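A quick write-up on the structure given underneath.
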Amino acid sequence: MKKLTIIFRRAPHGTPHGREALDLALLSASFEQDVSLIFVDEGVLHLIPEQQPETAGAKDYIATFGALDLYDIETVLACQSSLERFGMANSELTISAERVTSNNITEQLQAADEVLVF
């Protein structure tokens, strides 16, 4: 089984990158690939609860993260320093994500067969 790691680096709703990354994750998992997600830099903003992208004219794809369990995507990591930088260190996140250090992220990347950055 191929190990695919997808990194969310950009903020949601300003570009199609977040939606494309999520679509790829779900599609890959449906083909029996071992998919892991990592949220770093502005990508942690995907994890803010109760977003209202419709007010900015964007579609709400954030709710689709709730389907990760249905696709057996179990490894979801969020960079602790990125969360702290955006004041999210102690807040609830939209989905269950393990808060990790850069060393943990490096280990995850080394274990992956393929890494895609969005």
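Naming scheme: A, B, ... for chains in displayed order of the structure tokens; residues 1 onward per chain; ligands 1 onward as shown.
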Worksheet entry | Which of stretch 1-78 of chain A DSSP labels helix (DSSP H, G or I), written as a VMD selection string | chain A and resid 17 to 30 41 to 47 53 to 56 62 to 67 69 to 71
Residues of the last selection are to be written out with N, CA and C atoms, as a short mmCIF file (atom, residue, chain, number, x, y, z; two decimals), in the first residue's frame.
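Once everything was written out, this is part33.cif:
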```cif
data_model
loop_
_atom_site.label_atom_id
_atom_site.label_comp_id
_atom_site.auth_asym_id
_atom_site.auth_seq_id
_atom_site.Cartn_x
_atom_site.Cartn_y
_atom_site.Cartn_z
N HIS A 17 -6.61 25.54 -3.74
CA HIS A 17 -5.66 24.54 -3.27
C HIS A 17 -6.20 23.65 -2.16
N GLY A 18 -6.87 24.22 -1.18
CA GLY A 18 -7.40 23.44 -0.06
C GLY A 18 -8.42 22.42 -0.51
N ARG A 19 -9.33 22.86 -1.36
CA ARG A 19 -10.37 21.95 -1.86
C ARG A 19 -9.74 20.84 -2.70
N GLU A 20 -8.77 21.19 -3.54
CA GLU A 20 -8.11 20.20 -4.37
C GLU A 20 -7.34 19.18 -3.52
N ALA A 21 -6.71 19.65 -2.47
CA ALA A 21 -5.97 18.75 -1.57
C ALA A 21 -6.93 17.78 -0.88
N LEU A 22 -8.05 18.30 -0.41
CA LEU A 22 -9.03 17.45 0.25
C LEU A 22 -9.63 16.44 -0.72
N ASP A 23 -9.96 16.88 -1.93
CA ASP A 23 -10.49 15.97 -2.94
C ASP A 23 -9.49 14.86 -3.26
N LEU A 24 -8.23 15.23 -3.39
CA LEU A 24 -7.19 14.24 -3.67
C LEU A 24 -7.06 13.24 -2.52
N ALA A 25 -7.13 13.74 -1.31
CA ALA A 25 -7.01 12.86 -0.14
C ALA A 25 -8.14 11.83 -0.12
N LEU A 26 -9.36 12.28 -0.33
CA LEU A 26 -10.50 11.37 -0.30
C LEU A 26 -10.46 10.39 -1.47
N LEU A 27 -10.10 10.87 -2.64
CA LEU A 27 -10.00 10.00 -3.81
C LEU A 27 -8.92 8.95 -3.62
N SER A 28 -7.76 9.37 -3.15
CA SER A 28 -6.65 8.44 -2.94
C SER A 28 -7.01 7.39 -1.90
N ALA A 29 -7.65 7.81 -0.83
CA ALA A 29 -8.05 6.87 0.22
C ALA A 29 -9.07 5.87 -0.30
N SER A 30 -9.93 6.30 -1.22
CA SER A 30 -10.93 5.38 -1.77
C SER A 30 -10.28 4.31 -2.64
N ASP A 41 1.80 26.13 8.55
CA ASP A 41 1.73 27.53 8.13
C ASP A 41 0.27 27.99 8.11
N GLU A 42 -0.16 28.69 7.06
CA GLU A 42 -1.53 29.17 6.97
C GLU A 42 -2.53 28.03 6.79
N GLY A 43 -2.05 26.85 6.48
CA GLY A 43 -2.92 25.69 6.31
C GLY A 43 -3.68 25.33 7.57
N VAL A 44 -3.16 25.70 8.74
CA VAL A 44 -3.88 25.40 9.98
C VAL A 44 -5.20 26.17 10.06
N LEU A 45 -5.36 27.19 9.26
CA LEU A 45 -6.60 27.96 9.27
C LEU A 45 -7.78 27.13 8.75
N HIS A 46 -7.51 26.02 8.08
CA HIS A 46 -8.58 25.09 7.68
C HIS A 46 -9.26 24.49 8.91
N LEU A 47 -8.57 24.51 10.03
CA LEU A 47 -9.04 23.84 11.24
C LEU A 47 -9.87 24.74 12.16
N PRO A 53 -17.51 30.73 4.79
CA PRO A 53 -16.92 31.20 3.53
C PRO A 53 -17.94 31.77 2.55
N GLU A 54 -19.22 31.43 2.72
CA GLU A 54 -20.25 31.93 1.82
C GLU A 54 -20.32 33.46 1.87
N THR A 55 -20.01 34.04 3.03
CA THR A 55 -20.06 35.49 3.16
C THR A 55 -19.00 36.17 2.30
N ALA A 56 -17.97 35.44 1.92
CA ALA A 56 -16.92 35.97 1.04
C ALA A 56 -17.09 35.45 -0.39
N ILE A 62 -15.05 22.99 3.94
CA ILE A 62 -14.47 22.63 5.24
C ILE A 62 -15.29 21.53 5.92
N ALA A 63 -16.60 21.55 5.74
CA ALA A 63 -17.45 20.53 6.35
C ALA A 63 -17.10 19.13 5.84
N THR A 64 -16.53 19.04 4.65
CA THR A 64 -16.16 17.76 4.06
C THR A 64 -15.04 17.07 4.84
N PHE A 65 -14.28 17.82 5.62
CA PHE A 65 -13.26 17.20 6.46
C PHE A 65 -13.88 16.20 7.44
N GLY A 66 -15.14 16.36 7.72
CA GLY A 66 -15.83 15.43 8.60
C GLY A 66 -15.92 14.02 8.03
N ALA A 67 -15.68 13.87 6.74
CA ALA A 67 -15.75 12.55 6.09
C ALA A 67 -14.44 11.77 6.17
N ASP A 69 -12.99 10.14 8.50
CA ASP A 69 -13.15 8.83 9.16
C ASP A 69 -13.79 7.81 8.23
N LEU A 70 -14.73 8.24 7.41
CA LEU A 70 -15.38 7.32 6.47
C LEU A 70 -14.41 6.76 5.45
N TYR A 71 -13.34 7.52 5.18
CA TYR A 71 -12.33 7.10 4.21
C TYR A 71 -11.10 6.50 4.88
#
```
Discussion item. Applying 9 Å and only C-alpha atoms, which residues near A:Ile48 remain after dropping the ones on its own chain fewer than 2 positions away? List them as a list in words.
Written reply: Val44, Leu45, His46, Glu50, Gln51, Met88, Ser91, Glu92, Leu93, Thr94 and Ile95 of chain A
Worksheet entry | Residue nearest A:Phe118 among A:Asp72, A:Leu4, A:Phe39, A:Gln33 (counting only C-alpha atoms) | A:Phe39
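Nearest to A:Lys3 of all the residues A:Ser36, A:Ile73, A:Ala89, A:Pro16 is A:Ser36, based on only C-alpha atoms.
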Item to complete: Would you please work out which residue, of A:Arg85, A:Arg9, A:Arg99, A:Lys2, is nearest to A:Val40 when using only C-alpha atoms?
Response: A:Arg9
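Nearest to A:Val76 of all the residues A:Ala112, A:Ile38, A:Pro49, A:His13 is A:Ile38, based on only C-alpha atoms.
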